[in-house]
>>> print(open('entry13.txt').read())   # compact mmCIF, C-alpha atoms and all ligand atoms
# COMPACT_ATOMS: atom_id res chain seq x y z
CA MET A 167 114.71 100.54 78.94
CA SER A 168 113.34 103.88 80.21
CA GLN A 169 114.39 105.00 83.65
CA SER A 170 111.21 106.96 84.19
CA LEU A 171 108.08 108.31 82.57
CA ILE A 172 105.95 111.41 82.95
CA LEU A 173 102.27 110.65 83.06
CA SER A 174 99.47 113.17 82.55
CA HIS A 175 95.87 113.29 81.39
CA PRO A 176 94.65 116.33 79.45
CA THR A 177 90.94 116.14 80.37
CA GLY A 178 90.56 113.88 83.42
CA HIS A 179 87.67 112.16 81.63
CA LEU A 180 87.96 108.37 81.38
CA HIS A 181 85.86 106.26 79.05
CA GLY A 182 86.53 102.83 77.65
CA SER A 183 86.69 99.07 77.99
CA ILE A 184 89.83 97.44 79.30
CA LYS A 185 90.85 93.81 78.90
CA LEU A 186 92.71 93.22 82.13
CA PRO A 187 95.59 90.76 82.42
CA ALA A 188 94.70 87.34 83.77
CA SER A 189 95.34 86.52 87.42
CA LYS A 190 98.90 85.31 87.97
CA SER A 191 97.77 83.63 91.19
CA GLU A 192 95.18 81.47 89.44
CA ALA A 193 97.43 80.81 86.44
CA ASN A 194 100.40 79.72 88.56
CA ARG A 195 98.29 77.30 90.57
CA ALA A 196 96.82 75.81 87.40
CA LEU A 197 100.33 75.39 85.95
CA ILE A 198 101.70 73.62 89.04
CA ILE A 199 98.65 71.36 89.31
CA ALA A 200 98.91 70.48 85.61
CA ALA A 201 102.61 69.66 86.05
CA LEU A 202 101.88 67.51 89.13
CA SER A 203 99.04 65.70 87.41
CA GLY A 204 101.35 64.55 84.62
CA LYS A 205 98.44 65.08 82.27
CA GLN A 206 97.93 67.55 79.47
CA ALA A 207 95.70 70.33 80.80
CA GLU A 208 93.77 72.72 78.64
CA LEU A 209 94.59 76.05 80.22
CA HIS A 210 93.04 79.13 78.65
CA ASN A 211 93.84 82.80 79.15
CA LEU A 212 97.13 82.15 80.94
CA SER A 213 98.44 85.43 82.25
CA GLU A 214 100.91 87.50 80.23
CA ALA A 215 102.36 88.51 83.62
CA ASN A 216 106.07 87.81 83.86
CA ASP A 217 105.43 85.68 86.97
CA THR A 218 103.32 83.30 84.87
CA GLN A 219 105.44 83.36 81.71
CA LEU A 220 108.42 82.59 83.93
CA LEU A 221 106.77 79.64 85.66
CA GLN A 222 105.71 78.21 82.31
CA ARG A 223 109.30 78.39 81.06
CA LEU A 224 110.80 76.98 84.26
CA LEU A 225 108.44 74.00 84.29
CA GLN A 226 109.80 73.09 80.84
CA SER A 227 113.43 73.59 81.82
CA ASP A 228 115.82 70.76 82.62
CA ALA A 229 118.53 73.15 83.82
CA ALA A 230 120.15 72.41 87.17
CA THR A 231 119.88 76.04 88.31
CA ILE A 232 116.46 77.63 88.33
CA ASP A 233 115.97 81.39 88.72
CA ALA A 234 112.57 82.31 90.17
CA GLU A 235 113.46 86.01 89.76
CA ASP A 236 111.19 88.15 91.97
CA ALA A 237 108.14 85.88 91.83
CA GLY A 238 107.05 84.67 95.27
CA THR A 239 104.59 82.06 94.00
CA VAL A 240 107.19 80.70 91.59
CA MET A 241 109.80 80.34 94.35
CA ARG A 242 107.44 78.78 96.89
CA PHE A 243 105.43 76.56 94.54
CA LEU A 244 108.53 75.24 92.74
CA THR A 245 110.26 74.49 96.05
CA ALA A 246 107.46 72.08 96.93
CA TYR A 247 107.16 70.79 93.37
CA TYR A 248 110.87 69.95 92.97
CA ALA A 249 111.05 68.62 96.54
CA ILE A 250 108.28 66.08 96.14
CA THR A 251 109.29 65.05 92.63
CA GLY A 252 112.83 64.68 93.96
CA GLN A 253 114.48 66.80 91.29
CA GLU A 254 118.05 67.99 91.84
CA LYS A 255 117.72 71.76 91.51
CA LEU A 256 119.44 74.85 92.78
CA LEU A 257 116.56 77.27 93.20
CA THR A 258 117.42 80.93 93.46
CA GLY A 259 116.00 84.39 92.72
CA THR A 260 116.71 88.11 92.79
CA GLU A 261 118.60 89.70 95.66
CA ARG A 262 115.25 90.61 97.20
CA MET A 263 113.92 87.06 96.77
CA CYS A 264 116.91 85.87 98.79
CA GLN A 265 115.70 88.14 101.62
CA ARG A 266 112.14 86.75 101.59
CA PRO A 267 111.79 83.97 104.19
CA ILE A 268 111.08 80.37 103.23
CA LYS A 269 111.94 78.46 106.42
CA VAL A 270 108.35 77.50 107.28
CA LEU A 271 107.97 75.75 103.93
CA VAL A 272 111.41 74.12 103.97
CA ASP A 273 110.87 72.79 107.52
CA ALA A 274 107.52 71.30 106.51
CA LEU A 275 108.91 69.69 103.36
CA ARG A 276 111.86 68.26 105.29
CA GLU A 277 109.43 66.68 107.75
CA LEU A 278 107.72 65.02 104.80
CA GLY A 279 111.03 63.60 103.62
CA ALA A 280 112.44 66.22 101.26
CA SER A 281 116.12 66.91 101.01
CA ILE A 282 116.67 70.67 100.98
CA SER A 283 119.70 72.67 102.08
CA TYR A 284 120.33 76.39 102.27
CA LYS A 285 123.09 77.69 100.00
CA GLY A 286 123.15 81.15 101.54
CA GLN A 287 121.56 82.40 104.71
CA GLU A 288 119.69 79.81 106.80
CA GLY A 289 115.94 80.20 106.21
CA TYR A 290 116.21 82.00 102.85
CA PRO A 291 116.81 81.12 99.18
CA PRO A 292 118.92 79.96 97.40
CA LEU A 293 117.98 76.34 98.08
CA GLN A 294 119.57 73.11 96.94
CA ILE A 295 116.87 70.50 96.46
CA GLY A 296 117.58 66.77 96.11
CA ALA A 297 116.05 63.30 96.40
CA PHE A 298 112.70 62.72 98.15
CA LYS A 299 112.55 59.89 100.68
CA GLY A 300 108.99 59.88 102.03
CA SER A 301 108.86 59.98 105.85
CA GLY A 302 105.33 58.61 106.01
CA LYS A 303 104.39 61.55 108.20
CA LYS A 304 101.02 63.09 107.47
CA HIS A 305 100.21 65.53 110.29
CA LEU A 306 102.15 68.78 110.15
CA LYS A 307 101.90 71.98 112.16
CA VAL A 308 102.64 75.00 110.02
CA ARG A 309 102.70 78.69 110.89
CA SER A 310 100.11 80.52 108.84
CA ASP A 311 100.91 84.12 109.81
CA ILE A 312 103.91 84.73 107.53
CA SER A 313 102.86 83.77 104.00
CA SER A 314 99.92 81.75 102.75
CA GLN A 315 102.08 80.71 99.79
CA TYR A 316 103.79 78.09 101.97
CA ILE A 317 100.40 76.54 102.74
CA SER A 318 99.28 76.68 99.09
CA ALA A 319 102.56 75.05 97.99
CA LEU A 320 102.08 72.20 100.49
CA LEU A 321 98.41 71.73 99.63
CA MET A 322 99.03 71.32 95.93
CA ILE A 323 101.52 68.47 96.49
CA ALA A 324 99.41 66.91 99.27
CA PRO A 325 97.31 64.50 97.15
CA LEU A 326 100.52 62.94 95.79
CA LEU A 327 101.86 62.03 99.23
CA PRO A 328 101.34 58.34 100.09
CA GLU A 329 99.50 59.25 103.31
CA GLY A 330 98.01 62.53 102.13
CA LEU A 331 98.39 65.51 104.45
CA GLU A 332 96.81 67.03 107.53
CA LEU A 333 97.96 70.61 107.86
CA GLU A 334 97.34 72.22 111.22
CA LEU A 335 97.62 75.97 110.78
CA GLU A 336 99.19 77.75 113.72
CA GLY A 337 98.61 81.42 114.51
CA LYS A 338 96.60 83.94 112.58
CA ILE A 339 95.72 82.84 109.04
CA GLY A 340 97.01 85.61 106.76
CA SER A 341 95.93 85.88 103.11
CA ARG A 342 93.27 83.22 103.73
CA PRO A 343 91.44 83.73 100.40
CA TYR A 344 94.62 82.61 98.60
CA ILE A 345 94.47 79.30 100.51
CA GLU A 346 90.83 78.97 99.53
CA MET A 347 91.74 79.76 95.92
CA THR A 348 94.25 76.89 96.02
CA LEU A 349 91.60 74.50 97.35
CA SER A 350 89.13 75.67 94.69
CA LEU A 351 91.65 75.10 91.90
CA MET A 352 92.50 71.67 93.32
CA GLN A 353 88.81 70.85 93.37
CA HIS A 354 88.47 72.01 89.78
CA PHE A 355 91.12 69.41 88.91
CA GLY A 356 89.31 66.66 90.80
CA VAL A 357 90.94 66.75 94.25
CA THR A 358 88.87 67.27 97.37
CA ALA A 359 90.01 68.64 100.73
CA ALA A 360 88.37 69.46 104.05
CA PHE A 361 89.11 72.78 105.78
CA GLU A 362 87.72 72.45 109.31
CA GLY A 363 88.75 74.80 112.09
CA ASN A 364 92.50 75.23 111.69
CA THR A 365 93.13 71.96 109.93
CA ILE A 366 93.14 71.20 106.22
CA THR A 367 93.00 67.52 105.30
CA VAL A 368 93.84 66.17 101.85
CA LYS A 369 93.68 62.42 101.26
CA PRO A 370 95.90 60.72 98.66
CA GLN A 371 94.21 61.28 95.30
CA GLN A 372 94.94 61.85 91.65
CA TYR A 373 94.46 65.09 89.82
CA LYS A 374 92.17 64.76 86.83
CA SER A 375 92.69 66.58 83.58
CA ALA A 376 90.24 69.42 83.03
CA ALA A 377 90.02 72.61 81.02
CA PHE A 378 90.43 75.84 82.96
CA THR A 379 90.06 79.48 81.95
CA VAL A 380 91.94 81.95 84.11
CA GLU A 381 89.87 84.92 85.25
CA SER A 382 91.07 88.50 84.90
CA ASP A 383 93.09 89.82 87.80
CA TRP A 384 91.15 91.62 90.53
CA SER A 385 94.38 93.07 91.97
CA ALA A 386 95.03 94.68 88.57
CA ALA A 387 91.41 95.90 88.58
CA SER A 388 92.13 97.84 91.77
CA TYR A 389 94.24 100.42 89.87
CA TRP A 390 91.30 101.09 87.57
CA TYR A 391 89.10 101.68 90.58
CA SER A 392 91.60 104.33 91.73
CA LEU A 393 91.61 105.88 88.29
CA VAL A 394 87.83 106.13 88.31
CA ALA A 395 87.83 107.59 91.83
CA LEU A 396 90.27 110.34 90.80
CA ALA A 397 88.82 111.11 87.37
CA LYS A 398 86.62 114.18 86.78
CA GLU A 399 84.22 111.95 84.92
CA ALA A 400 84.43 108.19 84.28
CA ASP A 401 82.66 105.25 82.74
CA ILE A 402 85.02 102.29 82.56
CA THR A 403 84.27 98.64 81.84
CA LEU A 404 86.77 96.02 82.98
CA LEU A 405 86.47 92.81 81.02
CA GLY A 406 86.91 89.25 82.20
CA LEU A 407 85.97 89.71 85.89
CA LYS A 408 83.36 87.52 87.53
CA GLU A 409 81.01 88.16 90.42
CA ASN A 410 81.81 84.74 91.88
CA SER A 411 85.56 84.91 91.83
CA PHE A 412 88.22 82.64 93.30
CA GLN A 413 90.19 85.79 94.09
CA GLY A 414 90.03 87.49 97.49
CA ASP A 415 90.96 90.82 95.90
CA ARG A 416 87.40 90.99 94.63
CA ALA A 417 87.05 92.74 98.01
CA ILE A 418 88.03 95.89 96.10
CA VAL A 419 84.35 96.21 95.12
CA GLU A 420 83.28 96.87 98.72
CA ILE A 421 86.38 98.85 99.69
CA MET A 422 86.00 101.22 96.75
CA SER A 423 82.35 101.75 97.46
CA GLY A 424 83.62 103.88 100.37
CA LEU A 425 86.24 105.54 98.17
CA GLY A 426 83.91 106.81 95.48
CA VAL A 427 83.43 104.01 92.95
CA TYR A 428 80.17 102.31 92.13
CA THR A 429 80.45 98.79 90.63
CA GLU A 430 77.90 97.17 88.40
CA PHE A 431 78.41 93.56 87.31
CA VAL A 432 77.58 93.42 83.62
CA ASP A 433 77.85 90.75 80.98
CA GLY A 434 81.55 89.92 80.65
CA GLY A 435 82.91 92.12 83.44
CA VAL A 436 82.28 95.12 85.65
CA ARG A 437 81.26 98.69 84.90
CA LEU A 438 82.72 101.37 87.15
CA GLN A 439 81.27 104.80 87.75
CA LYS A 440 81.94 107.61 90.18
CA LYS A 441 79.98 108.36 93.34
CA GLU A 442 80.52 110.29 96.58
CA HIS A 443 83.33 109.06 98.81
CA GLU A 444 83.67 108.85 102.59
CA HIS A 445 86.16 111.01 104.48
CA HIS A 446 87.26 108.20 106.78
CA ILE A 447 87.41 104.44 106.28
CA SER A 448 88.77 101.50 108.32
CA GLN A 449 90.10 98.44 106.61
CA ASP A 450 91.67 95.12 107.67
CA PHE A 451 93.96 93.94 104.87
CA SER A 452 94.71 90.47 106.31
CA ASP A 453 92.68 88.85 103.52
CA CYS A 454 93.78 91.18 100.72
CA PRO A 455 97.29 92.50 101.38
CA ASP A 456 97.91 93.35 97.71
CA LEU A 457 95.17 96.01 97.86
CA ALA A 458 96.83 98.06 100.61
CA GLN A 459 99.05 100.14 98.32
CA THR A 460 96.11 100.96 96.04
CA VAL A 461 94.04 102.19 98.99
CA VAL A 462 96.88 104.18 100.59
CA ALA A 463 97.93 106.01 97.43
CA LEU A 464 94.33 106.75 96.43
CA SER A 465 93.30 107.94 99.90
CA ALA A 466 96.30 110.26 100.14
CA ALA A 467 95.25 111.81 96.83
CA LEU A 468 91.51 111.95 97.63
CA GLY A 469 91.98 113.28 101.16
CA VAL A 470 90.53 110.28 102.98
CA GLN A 471 91.75 109.25 106.43
CA VAL A 472 92.26 105.48 106.67
CA ASP A 473 92.77 103.23 109.70
CA MET A 474 94.41 99.99 108.69
CA THR A 475 95.27 96.62 110.20
CA GLY A 476 96.50 93.35 108.73
CA LEU A 477 99.56 94.87 107.06
CA GLU A 478 102.18 92.54 108.63
CA SER A 479 103.00 90.60 105.45
CA LEU A 480 103.72 93.79 103.50
CA ARG A 481 107.20 93.98 105.01
CA ILE A 482 108.35 90.80 103.24
CA LYS A 483 106.95 91.29 99.76
CA GLU A 484 108.71 92.73 96.67
CA THR A 485 109.99 95.46 98.96
CA ASP A 486 109.17 96.54 102.51
CA ARG A 487 105.89 98.00 101.31
CA ILE A 488 105.07 99.78 104.55
CA GLN A 489 108.34 101.67 104.47
CA ALA A 490 108.00 102.40 100.74
CA LEU A 491 104.48 103.79 101.28
CA GLN A 492 105.58 105.87 104.27
CA ILE A 493 108.23 107.55 102.13
CA GLU A 494 106.16 108.06 98.99
CA VAL A 495 102.97 109.47 100.55
CA GLN A 496 105.06 112.23 102.11
CA SER A 497 105.43 113.90 98.72
CA MET A 498 101.62 114.24 98.72
CA ARG A 499 101.81 115.85 102.19
CA ALA A 500 100.22 112.74 103.72
CA SER A 501 101.63 110.60 106.52
CA LEU A 502 101.40 106.89 107.30
CA GLN A 503 102.12 106.08 110.93
CA GLU A 504 101.83 103.05 113.18
CA VAL A 505 99.60 104.50 115.90
CA THR A 506 99.50 101.41 118.11
CA PRO A 507 101.24 98.10 117.40
CA GLY A 508 99.75 96.71 114.19
CA VAL A 509 97.40 99.66 113.61
CA PHE A 510 98.34 102.18 110.94
CA ARG A 511 96.74 105.51 110.13
CA LEU A 512 96.98 107.31 106.84
CA GLU A 513 96.51 111.02 107.48
CA PRO A 514 96.02 112.91 104.22
CA GLY A 515 97.41 116.42 103.88
CA LEU A 516 96.72 119.30 101.55
CA MET A 517 98.33 118.24 98.29
CA LYS A 518 100.40 121.09 96.86
CA HIS A 519 101.00 121.34 93.15
CA THR A 520 104.71 120.71 93.36
CA ASP A 521 106.45 118.25 91.07
CA LEU A 522 105.57 114.70 92.05
CA SER A 523 108.03 111.90 91.40
CA PHE A 524 107.34 108.43 92.76
CA ARG A 525 109.99 105.78 93.34
CA THR A 526 108.86 102.20 92.77
CA TYR A 527 111.31 100.05 94.80
CA GLN A 528 111.32 97.18 92.24
CA ASP A 529 107.68 96.70 93.16
CA HIS A 530 105.04 96.65 90.42
CA ARG A 531 102.33 97.68 92.87
CA MET A 532 104.14 100.88 93.89
CA ALA A 533 104.14 102.00 90.23
CA MET A 534 100.50 101.10 89.55
CA ALA A 535 99.14 102.36 92.87
CA PHE A 536 100.63 105.85 92.44
CA ALA A 537 100.04 106.25 88.69
CA PRO A 538 96.37 107.35 89.10
CA VAL A 539 97.55 110.51 90.91
CA ALA A 540 98.38 111.73 87.38
CA LEU A 541 94.69 112.57 87.02
CA LEU A 542 95.26 115.45 89.45
CA GLN A 543 98.61 116.68 88.10
CA PRO A 544 101.46 115.28 85.97
CA VAL A 545 103.55 112.75 87.87
CA LYS A 546 106.88 111.10 87.25
CA ILE A 547 107.07 107.34 87.80
CA GLN A 548 110.55 105.90 88.21
CA GLU A 549 111.49 102.49 86.76
CA PRO A 550 108.07 102.03 85.11
CA SER A 551 108.98 98.63 83.64
CA VAL A 552 108.41 97.02 87.07
CA VAL A 553 104.78 96.53 86.04
CA ARG A 554 105.82 93.52 83.93
CA LYS A 555 105.59 91.26 86.99
CA SER A 556 101.78 91.23 86.91
CA TYR A 557 100.50 93.73 84.30
CA PRO A 558 102.93 94.28 81.41
CA ARG A 559 100.42 96.30 79.35
CA PHE A 560 99.57 98.71 82.15
CA TRP A 561 101.05 101.84 80.53
CA GLU A 562 99.59 101.02 77.10
CA ASP A 563 96.17 100.51 78.68
CA LEU A 564 96.44 103.96 80.30
CA GLU A 565 97.20 105.45 76.88
CA GLU A 566 94.02 103.78 75.58
CA VAL A 567 91.97 105.98 77.91
CA GLY A 568 93.75 109.19 77.01
CA PHE A 569 96.81 109.36 79.26
CA GLU A 570 99.86 111.01 77.76
CA ILE A 571 103.17 109.35 78.50
CA LYS A 572 106.65 110.76 77.92
CA TYR A 573 109.42 108.22 78.41
CA LYS A 574 112.74 109.55 79.79
CA ASP A 575 116.16 107.91 79.83
O1 LIG A 601 99.25 82.78 96.68
C1 LIG A 601 99.27 83.79 95.97
O2 LIG A 601 99.06 83.76 94.74
C2 LIG A 601 99.58 85.08 96.63
C3 LIG A 601 99.48 85.21 97.99
C4 LIG A 601 99.74 86.48 98.70
O3 LIG A 601 100.98 86.38 99.37
P1 LIG A 601 101.12 86.01 100.96
O4 LIG A 601 100.43 84.76 101.19
O5 LIG A 601 102.61 85.92 101.12
O6 LIG A 601 100.51 87.16 101.70
C5 LIG A 601 99.76 87.67 97.75
O7 LIG A 601 100.30 88.79 98.40
C6 LIG A 601 100.57 87.37 96.51
O8 LIG A 601 100.57 88.46 95.62
C7 LIG A 601 99.99 86.21 95.75
C1 LIG A 602 103.33 89.89 96.73
C2 LIG A 602 103.18 89.70 95.43
O1 LIG A 602 103.68 88.66 94.71
P1 LIG A 602 104.61 87.45 95.15
O2 LIG A 602 104.57 87.30 96.65
O3 LIG A 602 104.04 86.28 94.44
O4 LIG A 602 105.99 87.79 94.67
C3 LIG A 602 102.38 90.64 94.64
O5 LIG A 602 102.14 90.38 93.44
O6 LIG A 602 101.95 91.69 95.15
>>> encode(input="entry13.txt", output="structure tokens")
Amino acid sequence: MSQSLILSHPTGHLHGSIKLPASKSEANRALIIAALSGKQAELHNLSEANDTQLLQRLLQSDAATIDAEDAGTVMRFLTAYYAITGQEKLLTGTERMCQRPIKVLVDALRELGASISYKGQEGYPPLQIGAFKGSGKKHLKVRSDISSQYISALLMIAPLLPEGLELELEGKIGSRPYIEMTLSLMQHFGVTAAFEGNTITVKPQQYKSAAFTVESDWSAASYWYSLVALAKEADITLLGLKENSFQGDRAIVEIMSGLGVYTEFVDGGVRLQKKEHEHHISQDFSDCPDLAQTVVALSAALGVQVDMTGLESLRIKETDRIQALQIEVQSMRASLQEVTPGVFRLEPGLMKHTDLSFRTYQDHRMAMAFAPVALLQPVKIQEPSVVRKSYPRFWEDLEEVGFEIKYKD
């Protein structure tokens, strides 16, 4: 596998239609719901993302040790799935996965009657999961400011609990659209829930079998928005995106309107074209944390000052994304600083035409967020294969629109 690649574009003109990968978030919910329903589901356009391929394989596996690799949804959703179905499993992941907290979910599942013990550090994977002895408890208080994936994992098993579940969310609700996506997918498979104030109530119910087609991934679309913003000339159509999406990262449409991209919803997707950009924007990423790297890398390259909030969860994702961004924007003479607690400012600098080489920190989004800078000058991307987590065809798709790629060992 190549250690790095050099990316360049001879003209800076981008034209074409791109079939984006399907959303791994939607696909992984549909897979867990189908497994919980015990019925055959007709799932179309399942994502080629490793996170989805992996979950599909693991749901078929009868091995005692299950490796969720670096996939947060896989780790969190399977923890709840094995716990409630009472399957004896040792659930582990990459070194980084074993540094991503899971205590909130484990505590909640234990209250419901799951048997889960920590095999390493308290509060983190690996987990040993065993028999389920229902506690009859239905009202749980759960912190909602660390990861919404804990809430989604609990919601999907909720209709199978004898008493159902009342989840009282405590603290700020981070990544809220992902919770709403979970409820929408549950509803698609015949389960209703009420989300009132801070409480989500799910009565005992049965999932129904239904066909479902996974939408293209709006997070993946965000890199194409950056490409359009940095191109000299662009007319790009992204296929498979819908105006009424389950995905909160559809917010990229509004965000990129300030960063120089005009979106038109057309039959079968969106058409992106260039327009003037602002010189300063403010953005709260609480609802769309996966878009932060796209916006930071693009703004550093475009020369846009950005004030940002809602970045808390970035510290516990595939890498500490705040730290990774702080290091990598420096090579573009930009700086990312916490100006007051929780408020970050990206200050762009004058980009000099020195060699640019971006490290990716085992994080697909670091690679894809910085790749568009290659429209300004050739850039080196280290460990480019990280993109397989969500968008395995990313580099090939760039070649489709005229990028030149030299792979290096
Ligand atoms: O539920 C999901 O599919 C996801 C939720 C978000 O995580 P957090 O809830 O941990 O912010 C997001 O960052 C992740 O890429 C996918
Ligand atoms: C944070 C991400 O994924 P996960 O938490 O599912 O590993 C992501 O894809 O950006």
>>> closest_residue(input="entry13.txt", among="A:Leu326, A:Ile571, A:Met422, A:Ala397", to="His181 of chain A", atoms="all atoms listed in the file")
A:Ala397
>>> residues_near_point(input="entry13.txt", point="(95.4, 76.0, 89.1)", cutoff="8 Å", atoms="only C-alpha atoms", output="ChimeraX atom specification")
/A:192-200,348,351-352,355,378
>>> closest_residue(input="entry13.txt", among="A:Glu214, A:Asp228, A:Asp233, A:Asp383", to="Glu261 of chain A", atoms="all atoms listed in the file")
A:Asp233
>>> atom_distance(input="entry13.txt", atom1="atom CA of Gly469 of chain A", atom2="atom CA of His445 of chain A")
7.1 Å
>>> atom_distance(input="entry13.txt", atom1="atom CA of Leu542 of chain A", atom2="atom CA of Val436 of chain A")
24.4 Å
>>> residues_near_ligand(input="entry13.txt", ligand="ligand LIG 601 (chain A)", cutoff="10 Å", atoms="all atoms listed in the file", output="number ranges by chain")
A: 189-195, 237-240, 242-243, 266-267, 310-319, 339-348, 385, 413-415, 451-457, 477-480, 482-484, 531, 556
>>> build_atoms(input="entry13.txt", residues="segment 287-301 of chain A", atoms="N, CA and C atoms", output="short mmCIF file (atom, residue, chain, number, x, y, z; two decimals), in the frame of the given file")
data_model
loop_
_atom_site.label_atom_id
_atom_site.label_comp_id
_atom_site.auth_asym_id
_atom_site.auth_seq_id
_atom_site.Cartn_x
_atom_site.Cartn_y
_atom_site.Cartn_z
N GLN A 287 121.96 82.24 103.31
CA GLN A 287 121.56 82.40 104.71
C GLN A 287 120.49 81.36 105.07
N GLU A 288 120.65 80.77 106.26
CA GLU A 288 119.69 79.81 106.80
C GLU A 288 118.27 80.43 106.79
N GLY A 289 117.33 79.72 106.19
CA GLY A 289 115.94 80.20 106.21
C GLY A 289 115.52 80.98 104.96
N TYR A 290 116.49 81.18 104.05
CA TYR A 290 116.21 82.00 102.85
C TYR A 290 116.77 81.32 101.61
N PRO A 291 116.20 81.61 100.42
CA PRO A 291 116.81 81.12 99.18
C PRO A 291 118.24 81.70 99.07
N PRO A 292 119.12 81.12 98.26
CA PRO A 292 118.92 79.96 97.40
C PRO A 292 118.86 78.63 98.14
N LEU A 293 118.18 77.67 97.49
CA LEU A 293 117.98 76.34 98.08
C LEU A 293 118.56 75.28 97.14
N GLN A 294 119.18 74.28 97.73
CA GLN A 294 119.57 73.11 96.94
C GLN A 294 118.58 72.00 97.27
N ILE A 295 117.90 71.52 96.25
CA ILE A 295 116.87 70.50 96.46
C ILE A 295 117.38 69.18 95.88
N GLY A 296 117.10 68.07 96.58
CA GLY A 296 117.58 66.77 96.11
C GLY A 296 116.52 65.69 96.21
N ALA A 297 116.95 64.47 96.43
CA ALA A 297 116.05 63.30 96.40
C ALA A 297 114.95 63.39 97.46
N PHE A 298 113.81 62.78 97.18
CA PHE A 298 112.70 62.72 98.15
C PHE A 298 112.60 61.31 98.70
N LYS A 299 112.71 61.22 100.05
CA LYS A 299 112.55 59.89 100.68
C LYS A 299 111.41 60.02 101.68
N GLY A 300 110.21 59.68 101.24
CA GLY A 300 108.99 59.88 102.03
C GLY A 300 109.15 59.44 103.49
N SER A 301 108.73 60.29 104.42
CA SER A 301 108.86 59.98 105.85
C SER A 301 107.63 59.25 106.37
#
